[in-house]
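K.L.:
To start, I am sharing the structure in question, which I have written as structure tokens.
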Amino acid sequence: MARRAMGGRSAGRAAVKGARRPEVRLPPLEPWPDRELEPDGDYDGLEFREADLAGQDGAGARFMDCALTGCAVDETALGRARVLDSVLTGPRGVGTHLAESTFRDVEVVDARLGGTQLHGAVLERVVVRGGKLDCLNLREARLKDVVFESCVLIEPDFAGARLERVEFIDCALKEADFGGATLTDVDLRGAAPLEVVRGLDRLSGAVISTGQLLDLAPVLAAELGIRVEG
């Protein structure tokens, strides 16, 4: 069972509340017998290693104290799934369906995912470390105590989402959409580049650096209808 770490940010970043990170300690695991996923299936204490889950239907399934390593998840149906106290290493795939799913006390490492559907999902005490995520759909999702670290996010969609104690550390955040989002204690200072194509007016509750403010100045000016000449 995972133990929750309560650590926050360093003294140099005391202006905003830091995310609480998960500390996942997996028990001895049994190998998954490599069968098809089942809707509403219950998977407890299993290791999924190099499993081809592409196109399978595990909607509503529960994964507890599991390790998924090097698994293919192209078009895998996992809507309303619950992933708890687990580690996902090297997942790869396009079009994974995770709408309205729950991730709690989870580490995601070196993911290579495109078009992942997480709209309406709940992420709590989650670390996403390394890898590349294209067109990540987090519309209307709830993120609390989430850390994106050393990863590349291209066109992430946070429209209508609620973000609380979310950190971006050594990340590339390209063409992000924050339209209609609500941000509380969101630290964007570690995002380089920081590109926001929609929802600049929703960044109240976030902290950025002076350099990022200068980079965003042209977009802010356009948003406010300010002409800059000379």
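Residue names in the structure tokens use chain letters A, B, ... in the order shown, residue numbers from 1 in each chain, and ligand numbers from 1 in the order shown.
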Can you pull out every residue within 12 Å of region 222-230 of chain A, counting only C-alpha atoms, but drop anything in the same chain fewer than 6 positions away, and send it as a list in words?
P.N.:
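Skipping anything fewer than 6 positions along the chain leaves Val196, Val197, Arg198, Gly199, Leu200, Asp201, Arg202 and Leu216 of chain A.
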K.L.:
Those residues with N, CA, C and O atoms, as a PDB file, in the first residue's frame please?
P.N.:
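So the final result, stored in part-v1.pdb, reads:
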ATOM      1  N   VAL A 196       0.740  29.428 -23.906  1.00  0.00           N
ATOM      2  CA  VAL A 196      -0.690  29.356 -23.607  1.00  0.00           C
ATOM      3  C   VAL A 196      -1.454  29.947 -24.780  1.00  0.00           C
ATOM      4  O   VAL A 196      -1.292  31.119 -25.109  1.00  0.00           O
ATOM      5  N   VAL A 197      -2.263  29.137 -25.433  1.00  0.00           N
ATOM      6  CA  VAL A 197      -2.997  29.611 -26.610  1.00  0.00           C
ATOM      7  C   VAL A 197      -4.404  30.072 -26.254  1.00  0.00           C
ATOM      8  O   VAL A 197      -5.042  30.793 -27.025  1.00  0.00           O
ATOM      9  N   ARG A 198      -4.889  29.674 -25.084  1.00  0.00           N
ATOM     10  CA  ARG A 198      -6.238  30.075 -24.665  1.00  0.00           C
ATOM     11  C   ARG A 198      -6.320  30.016 -23.157  1.00  0.00           C
ATOM     12  O   ARG A 198      -5.763  29.124 -22.526  1.00  0.00           O
ATOM     13  N   GLY A 199      -7.008  31.010 -22.581  1.00  0.00           N
ATOM     14  CA  GLY A 199      -7.243  30.986 -21.145  1.00  0.00           C
ATOM     15  C   GLY A 199      -6.228  31.750 -20.323  1.00  0.00           C
ATOM     16  O   GLY A 199      -6.092  31.482 -19.120  1.00  0.00           O
ATOM     17  N   LEU A 200      -5.538  32.722 -20.939  1.00  0.00           N
ATOM     18  CA  LEU A 200      -4.618  33.531 -20.148  1.00  0.00           C
ATOM     19  C   LEU A 200      -5.344  34.229 -19.002  1.00  0.00           C
ATOM     20  O   LEU A 200      -4.774  34.448 -17.934  1.00  0.00           O
ATOM     21  N   ASP A 201      -6.596  34.566 -19.229  1.00  0.00           N
ATOM     22  CA  ASP A 201      -7.373  35.232 -18.191  1.00  0.00           C
ATOM     23  C   ASP A 201      -7.718  34.312 -17.033  1.00  0.00           C
ATOM     24  O   ASP A 201      -8.239  34.763 -16.011  1.00  0.00           O
ATOM     25  N   ARG A 202      -7.427  33.014 -17.177  1.00  0.00           N
ATOM     26  CA  ARG A 202      -7.726  32.052 -16.119  1.00  0.00           C
ATOM     27  C   ARG A 202      -6.503  31.710 -15.278  1.00  0.00           C
ATOM     28  O   ARG A 202      -6.575  30.832 -14.412  1.00  0.00           O
ATOM     29  N   LEU A 216       5.263  35.973 -22.365  1.00  0.00           N
ATOM     30  CA  LEU A 216       3.818  35.978 -22.588  1.00  0.00           C
ATOM     31  C   LEU A 216       3.280  37.370 -22.910  1.00  0.00           C
ATOM     32  O   LEU A 216       2.099  37.498 -23.276  1.00  0.00           O
TER      33      LEU A 216
END
K.L.:
Within 7 Å of region 135-156 of chain A, which residues of region 165-209 of chain A show up? Give each one with its shortest atom-to-atom distance in Å (one decimal) and the two atoms involved, counting only C-alpha atoms, rows by chain then rising residue number, as a tab-separated table.
P.N.:
residue	atom	partner	partner_atom	distance
A:Arg165	CA	A:Asp145	CA	4.9
A:Val166	CA	A:Val146	CA	4.8
A:Glu167	CA	A:Val147	CA	4.8
A:Phe168	CA	A:Phe148	CA	4.9
A:Ile169	CA	A:Glu149	CA	4.7
A:Asp170	CA	A:Ser150	CA	4.8
A:Cys171	CA	A:Ser150	CA	4.9
A:Ala172	CA	A:Val152	CA	4.7
A:Leu173	CA	A:Leu153	CA	5.1
A:Lys174	CA	A:Ile154	CA	4.9
A:Glu175	CA	A:Glu155	CA	4.8
A:Ala176	CA	A:Pro156	CA	5.0
A:Asp177	CA	A:Pro156	CA	6.4
K.L.:
Name the residues of region 13-137 of chain A that come out as strand (DSSP E) in a backbone DSSP run; write them as a ChimeraX atom specification.
P.N.:
/A:22-23,30-31,42-44,46-49,62-64,67-69,82-89,92-94,102-114,122-134
K.L.:
Please produce an output containing N, CA and C atoms for each residue in the selection, written as a short mmCIF file (atom, residue, chain, number, x, y, z; two decimals), in the first residue's frame.
P.N.:
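Result file is again_31.cif:
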data_model
loop_
_atom_site.label_atom_id
_atom_site.label_comp_id
_atom_site.auth_asym_id
_atom_site.auth_seq_id
_atom_site.Cartn_x
_atom_site.Cartn_y
_atom_site.Cartn_z
N PRO A 22 3.01 11.29 -4.08
CA PRO A 22 2.80 9.93 -3.60
C PRO A 22 4.14 9.25 -3.32
N GLU A 23 4.13 8.34 -2.41
CA GLU A 23 5.30 7.48 -2.18
C GLU A 23 4.79 6.05 -2.28
N GLU A 30 2.30 -10.54 -8.26
CA GLU A 30 2.10 -11.73 -9.07
C GLU A 30 2.04 -11.32 -10.54
N PRO A 31 2.64 -12.11 -11.45
CA PRO A 31 2.54 -11.76 -12.87
C PRO A 31 1.12 -11.91 -13.38
N ASP A 42 -11.22 -6.60 -11.54
CA ASP A 42 -10.56 -6.24 -10.30
C ASP A 42 -9.14 -6.81 -10.32
N TYR A 43 -8.14 -5.92 -10.38
CA TYR A 43 -6.75 -6.35 -10.52
C TYR A 43 -5.97 -5.84 -9.31
N ASP A 44 -5.49 -6.75 -8.50
CA ASP A 44 -4.88 -6.39 -7.22
C ASP A 44 -3.53 -7.08 -7.10
N LEU A 46 -0.80 -7.05 -9.06
CA LEU A 46 -0.36 -7.73 -10.28
C LEU A 46 0.71 -6.90 -11.01
N GLU A 47 1.57 -7.62 -11.72
CA GLU A 47 2.56 -6.97 -12.58
C GLU A 47 2.19 -7.25 -14.04
N PHE A 48 1.90 -6.17 -14.76
CA PHE A 48 1.64 -6.25 -16.20
C PHE A 48 2.94 -5.85 -16.90
N ARG A 49 3.65 -6.80 -17.45
CA ARG A 49 4.95 -6.50 -18.06
C ARG A 49 4.90 -6.75 -19.57
N ARG A 62 -10.64 -1.85 -11.76
CA ARG A 62 -9.87 -1.32 -10.64
C ARG A 62 -8.49 -1.96 -10.63
N PHE A 63 -7.46 -1.11 -10.59
CA PHE A 63 -6.07 -1.56 -10.49
C PHE A 63 -5.53 -1.07 -9.16
N MET A 64 -5.21 -1.99 -8.27
CA MET A 64 -4.75 -1.63 -6.93
C MET A 64 -3.40 -2.29 -6.67
N ALA A 67 1.80 -2.83 -11.00
CA ALA A 67 2.87 -2.24 -11.80
C ALA A 67 2.59 -2.59 -13.26
N LEU A 68 2.49 -1.55 -14.09
CA LEU A 68 2.33 -1.75 -15.53
C LEU A 68 3.60 -1.24 -16.19
N THR A 69 4.35 -2.13 -16.82
CA THR A 69 5.66 -1.78 -17.36
C THR A 69 5.71 -2.11 -18.85
N ARG A 82 -10.28 2.82 -12.09
CA ARG A 82 -9.63 3.36 -10.90
C ARG A 82 -8.23 2.76 -10.81
N VAL A 83 -7.24 3.63 -10.81
CA VAL A 83 -5.85 3.21 -10.70
C VAL A 83 -5.32 3.77 -9.38
N LEU A 84 -5.03 2.88 -8.44
CA LEU A 84 -4.72 3.29 -7.07
C LEU A 84 -3.40 2.68 -6.63
N ASP A 85 -2.56 3.49 -5.99
CA ASP A 85 -1.32 2.98 -5.39
C ASP A 85 -0.52 2.13 -6.38
N SER A 86 -0.31 2.66 -7.56
CA SER A 86 0.30 1.89 -8.65
C SER A 86 1.37 2.69 -9.37
N VAL A 87 2.21 1.97 -10.13
CA VAL A 87 3.28 2.59 -10.92
C VAL A 87 3.12 2.16 -12.37
N LEU A 88 3.08 3.16 -13.26
CA LEU A 88 2.99 2.90 -14.70
C LEU A 88 4.29 3.37 -15.33
N THR A 89 5.06 2.45 -15.87
CA THR A 89 6.35 2.78 -16.45
C THR A 89 6.35 2.48 -17.94
N ARG A 92 2.72 3.18 -23.67
CA ARG A 92 2.81 3.78 -25.01
C ARG A 92 1.52 3.49 -25.75
N GLY A 93 1.08 4.48 -26.51
CA GLY A 93 -0.12 4.23 -27.28
C GLY A 93 -0.79 5.52 -27.71
N VAL A 94 -1.76 5.38 -28.60
CA VAL A 94 -2.53 6.50 -29.12
C VAL A 94 -4.01 6.23 -28.87
N THR A 102 -10.12 7.52 -12.31
CA THR A 102 -9.52 8.04 -11.08
C THR A 102 -8.10 7.52 -10.95
N PHE A 103 -7.15 8.44 -10.75
CA PHE A 103 -5.77 8.08 -10.47
C PHE A 103 -5.43 8.66 -9.09
N ARG A 104 -5.11 7.79 -8.14
CA ARG A 104 -4.79 8.27 -6.81
C ARG A 104 -3.54 7.56 -6.30
N ASP A 105 -2.56 8.34 -5.86
CA ASP A 105 -1.27 7.79 -5.41
C ASP A 105 -0.65 6.92 -6.51
N VAL A 106 -0.33 7.60 -7.61
CA VAL A 106 0.17 6.92 -8.82
C VAL A 106 1.40 7.65 -9.35
N GLU A 107 2.36 6.86 -9.82
CA GLU A 107 3.52 7.40 -10.54
C GLU A 107 3.45 6.93 -11.99
N VAL A 108 3.60 7.89 -12.92
CA VAL A 108 3.63 7.58 -14.35
C VAL A 108 5.00 8.01 -14.86
N VAL A 109 5.77 7.06 -15.38
CA VAL A 109 7.17 7.31 -15.72
C VAL A 109 7.40 7.02 -17.21
N ASP A 110 8.01 8.00 -17.89
CA ASP A 110 8.43 7.82 -19.30
C ASP A 110 7.29 7.37 -20.20
N ALA A 111 6.15 8.01 -20.07
CA ALA A 111 5.01 7.69 -20.93
C ALA A 111 5.21 8.26 -22.32
N ARG A 112 4.76 7.55 -23.32
CA ARG A 112 4.75 8.02 -24.71
C ARG A 112 3.32 7.85 -25.22
N LEU A 113 2.52 8.88 -25.04
CA LEU A 113 1.10 8.77 -25.30
C LEU A 113 0.62 9.91 -26.19
N GLY A 114 -0.35 9.61 -27.04
CA GLY A 114 -0.94 10.62 -27.90
C GLY A 114 -2.45 10.54 -27.87
N VAL A 122 -10.24 12.29 -12.36
CA VAL A 122 -9.78 12.80 -11.07
C VAL A 122 -8.35 12.29 -10.86
N LEU A 123 -7.41 13.22 -10.70
CA LEU A 123 -6.02 12.88 -10.44
C LEU A 123 -5.64 13.48 -9.09
N GLU A 124 -5.22 12.64 -8.16
CA GLU A 124 -4.85 13.10 -6.83
C GLU A 124 -3.58 12.40 -6.38
N ARG A 125 -2.60 13.20 -5.97
CA ARG A 125 -1.28 12.70 -5.60
C ARG A 125 -0.73 11.83 -6.73
N VAL A 126 -0.45 12.49 -7.84
CA VAL A 126 0.06 11.82 -9.04
C VAL A 126 1.33 12.54 -9.50
N VAL A 127 2.34 11.77 -9.86
CA VAL A 127 3.55 12.32 -10.47
C VAL A 127 3.67 11.76 -11.88
N VAL A 128 3.84 12.66 -12.86
CA VAL A 128 4.10 12.27 -14.24
C VAL A 128 5.54 12.69 -14.53
N ARG A 129 6.43 11.73 -14.66
CA ARG A 129 7.86 12.02 -14.76
C ARG A 129 8.42 11.48 -16.08
N GLY A 130 9.02 12.40 -16.86
CA GLY A 130 9.63 11.99 -18.12
C GLY A 130 8.60 11.70 -19.18
N GLY A 131 9.09 11.47 -20.40
CA GLY A 131 8.21 11.07 -21.49
C GLY A 131 7.62 12.25 -22.24
N LYS A 132 6.68 11.93 -23.12
CA LYS A 132 6.05 12.91 -24.00
C LYS A 132 4.57 12.58 -24.13
N LEU A 133 3.74 13.61 -23.93
CA LEU A 133 2.29 13.44 -24.03
C LEU A 133 1.75 14.46 -25.02
N ASP A 134 1.20 13.96 -26.11
CA ASP A 134 0.63 14.82 -27.15
C ASP A 134 -0.89 14.86 -27.02
#
K.L.:
Identify which of the residues A:Ala192, A:Asp34, A:His119, A:Leu203 lies closest to Asp215 (chain A), counting only C-alpha atoms when measuring atom-to-atom distances.
P.N.:
A:Ala192
K.L.:
Grab the CA of Ala51 (chain A) to CA of Gly90 (chain A) distance for me, in Å with one decimal place.
P.N.:
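Here the two named atoms are 11.4 Å from each other.
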K.L.:
Which neighbours of region 72-76 of chain A fall inside 7 Å, counting only C-alpha atoms, when residues of the same chain fewer than 2 positions from it are skipped, and could you give them as a ChimeraX atom specification?
P.N.:
/A:51-57,70,78,91-97
K.L.:
Calculated over only C-alpha atoms, which of the candidates A:Ala19, A:Leu37, A:Val219, A:Cys71 has the smallest distance to Glu164 (chain A)?
P.N.:
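Among the listed residues, A:Ala19 lies closest to Glu164 (chain A).
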K.L.:
Record the distance separating CA of Arg80 (chain A) and CA of Leu118 (chain A), expressed in Å with one decimal.
P.N.:
9.7 Å
K.L.:
Mind pulling up the distance from CA of Thr184 (chain A) to CA of Ala221 (chain A)?
P.N.:
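So the two atoms, CA of Ala221 (chain A) and CA of Thr184 (chain A), lie 23.7 Å apart.
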K.L.:
Using DSSP on the backbone coordinates, identify all residues within region 15-227 of chain A classified as helix (DSSP H, G or I); present the result as a compact mmCIF listing (two decimals) with all heavy atoms, in the first residue's frame.
P.N.:
# COMPACT_ATOMS: atom_id res chain seq x y z
N LEU A 200 -5.54 32.72 -20.94
CA LEU A 200 -4.62 33.53 -20.15
C LEU A 200 -5.34 34.23 -19.00
O LEU A 200 -4.77 34.45 -17.93
CB LEU A 200 -3.93 34.57 -21.03
CG LEU A 200 -2.73 34.09 -21.86
CD1 LEU A 200 -2.31 35.17 -22.85
CD2 LEU A 200 -1.56 33.73 -20.95
N ASP A 201 -6.60 34.57 -19.23
CA ASP A 201 -7.37 35.23 -18.19
C ASP A 201 -7.72 34.31 -17.03
O ASP A 201 -8.24 34.76 -16.01
CB ASP A 201 -8.66 35.82 -18.79
CG ASP A 201 -9.55 34.75 -19.41
OD1 ASP A 201 -9.01 33.79 -19.99
OD2 ASP A 201 -10.78 34.86 -19.30
N ARG A 202 -7.43 33.01 -17.18
CA ARG A 202 -7.73 32.05 -16.12
C ARG A 202 -6.50 31.71 -15.28
O ARG A 202 -6.57 30.83 -14.41
CB ARG A 202 -8.28 30.75 -16.73
CG ARG A 202 -9.44 30.94 -17.69
CD ARG A 202 -10.63 31.58 -17.03
NE ARG A 202 -11.16 30.76 -15.95
CZ ARG A 202 -12.27 31.03 -15.28
NH1 ARG A 202 -12.96 32.12 -15.57
NH2 ARG A 202 -12.69 30.24 -14.30
N THR A 210 9.46 36.05 -13.88
CA THR A 210 9.55 37.31 -14.62
C THR A 210 9.84 37.05 -16.10
O THR A 210 9.25 37.68 -16.98
CB THR A 210 10.66 38.20 -14.02
OG1 THR A 210 10.38 38.44 -12.64
CG2 THR A 210 10.76 39.53 -14.76
N GLY A 211 10.73 36.10 -16.38
CA GLY A 211 11.05 35.79 -17.77
C GLY A 211 9.84 35.26 -18.52
O GLY A 211 9.63 35.60 -19.69
N GLN A 212 9.05 34.43 -17.86
CA GLN A 212 7.84 33.91 -18.51
C GLN A 212 6.84 35.02 -18.78
O GLN A 212 6.16 35.03 -19.80
CB GLN A 212 7.21 32.83 -17.64
CG GLN A 212 7.99 31.52 -17.59
CD GLN A 212 7.45 30.58 -16.55
OE1 GLN A 212 7.03 31.00 -15.46
NE2 GLN A 212 7.45 29.29 -16.86
N LEU A 213 6.76 35.98 -17.85
CA LEU A 213 5.87 37.11 -18.06
C LEU A 213 6.27 37.89 -19.30
O LEU A 213 5.41 38.27 -20.11
CB LEU A 213 5.88 38.03 -16.83
CG LEU A 213 5.04 39.31 -16.94
CD1 LEU A 213 3.57 38.98 -17.17
CD2 LEU A 213 5.21 40.16 -15.69
N LEU A 214 7.56 38.09 -19.49
CA LEU A 214 8.03 38.80 -20.68
C LEU A 214 7.72 38.00 -21.94
O LEU A 214 7.33 38.56 -22.97
CB LEU A 214 9.53 39.07 -20.56
CG LEU A 214 9.95 40.04 -19.45
CD1 LEU A 214 11.47 40.11 -19.36
CD2 LEU A 214 9.37 41.42 -19.69
N ASP A 215 7.89 36.68 -21.86
CA ASP A 215 7.59 35.84 -23.03
C ASP A 215 6.10 35.89 -23.38
O ASP A 215 5.73 35.82 -24.56
CB ASP A 215 8.01 34.39 -22.76
CG ASP A 215 9.53 34.23 -22.70
OD1 ASP A 215 10.24 35.10 -23.24
OD2 ASP A 215 9.98 33.24 -22.09
N LEU A 216 5.26 35.97 -22.37
CA LEU A 216 3.82 35.98 -22.59
C LEU A 216 3.28 37.37 -22.91
O LEU A 216 2.10 37.50 -23.28
CB LEU A 216 3.09 35.44 -21.35
CG LEU A 216 3.22 33.94 -21.06
CD1 LEU A 216 2.61 33.61 -19.71
CD2 LEU A 216 2.58 33.10 -22.15
N ALA A 217 4.12 38.39 -22.77
CA ALA A 217 3.64 39.77 -22.95
C ALA A 217 2.93 40.01 -24.27
O ALA A 217 1.86 40.64 -24.30
CB ALA A 217 4.81 40.74 -22.77
N PRO A 218 3.47 39.54 -25.42
CA PRO A 218 2.76 39.78 -26.68
C PRO A 218 1.35 39.16 -26.71
O PRO A 218 0.40 39.77 -27.21
CB PRO A 218 3.66 39.14 -27.74
CG PRO A 218 5.02 39.12 -27.11
CD PRO A 218 4.77 38.87 -25.66
N VAL A 219 1.24 37.95 -26.15
CA VAL A 219 -0.06 37.29 -26.13
C VAL A 219 -1.00 38.02 -25.18
O VAL A 219 -2.20 38.20 -25.47
CB VAL A 219 0.08 35.81 -25.71
CG1 VAL A 219 -1.24 35.08 -25.81
CG2 VAL A 219 1.12 35.11 -26.58
N LEU A 220 -0.47 38.45 -24.03
CA LEU A 220 -1.29 39.20 -23.08
C LEU A 220 -1.76 40.51 -23.69
O LEU A 220 -2.93 40.90 -23.53
CB LEU A 220 -0.48 39.47 -21.81
CG LEU A 220 -0.33 38.32 -20.83
CD1 LEU A 220 0.73 38.64 -19.79
CD2 LEU A 220 -1.66 38.01 -20.15
N ALA A 221 -0.87 41.18 -24.41
CA ALA A 221 -1.23 42.44 -25.04
C ALA A 221 -2.35 42.23 -26.06
O ALA A 221 -3.31 43.00 -26.13
CB ALA A 221 -0.01 43.07 -25.70
N ALA A 222 -2.22 41.17 -26.86
CA ALA A 222 -3.25 40.88 -27.85
C ALA A 222 -4.58 40.54 -27.18
O ALA A 222 -5.65 40.95 -27.63
CB ALA A 222 -2.80 39.72 -28.74
N GLU A 223 -4.50 39.80 -26.08
CA GLU A 223 -5.71 39.42 -25.34
C GLU A 223 -6.44 40.65 -24.81
O GLU A 223 -7.67 40.70 -24.78
CB GLU A 223 -5.32 38.49 -24.18
CG GLU A 223 -6.48 37.97 -23.39
CD GLU A 223 -6.85 36.53 -23.74
OE1 GLU A 223 -6.28 35.97 -24.69
OE2 GLU A 223 -7.72 36.00 -23.07
N LEU A 224 -5.66 41.64 -24.39
CA LEU A 224 -6.24 42.85 -23.81
C LEU A 224 -6.50 43.94 -24.85
O LEU A 224 -6.98 45.03 -24.51
CB LEU A 224 -5.30 43.40 -22.72
CG LEU A 224 -5.10 42.51 -21.50
CD1 LEU A 224 -3.99 43.05 -20.61
CD2 LEU A 224 -6.40 42.37 -20.70
K.L.:
Which is closer to Val16 (chain A) than all the others in A:Leu29, A:Val186, A:Ala161, A:Leu194, using only C-alpha atoms?
P.N.:
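Using only C-alpha atoms, Val16 (chain A) sits closest to A:Val186.
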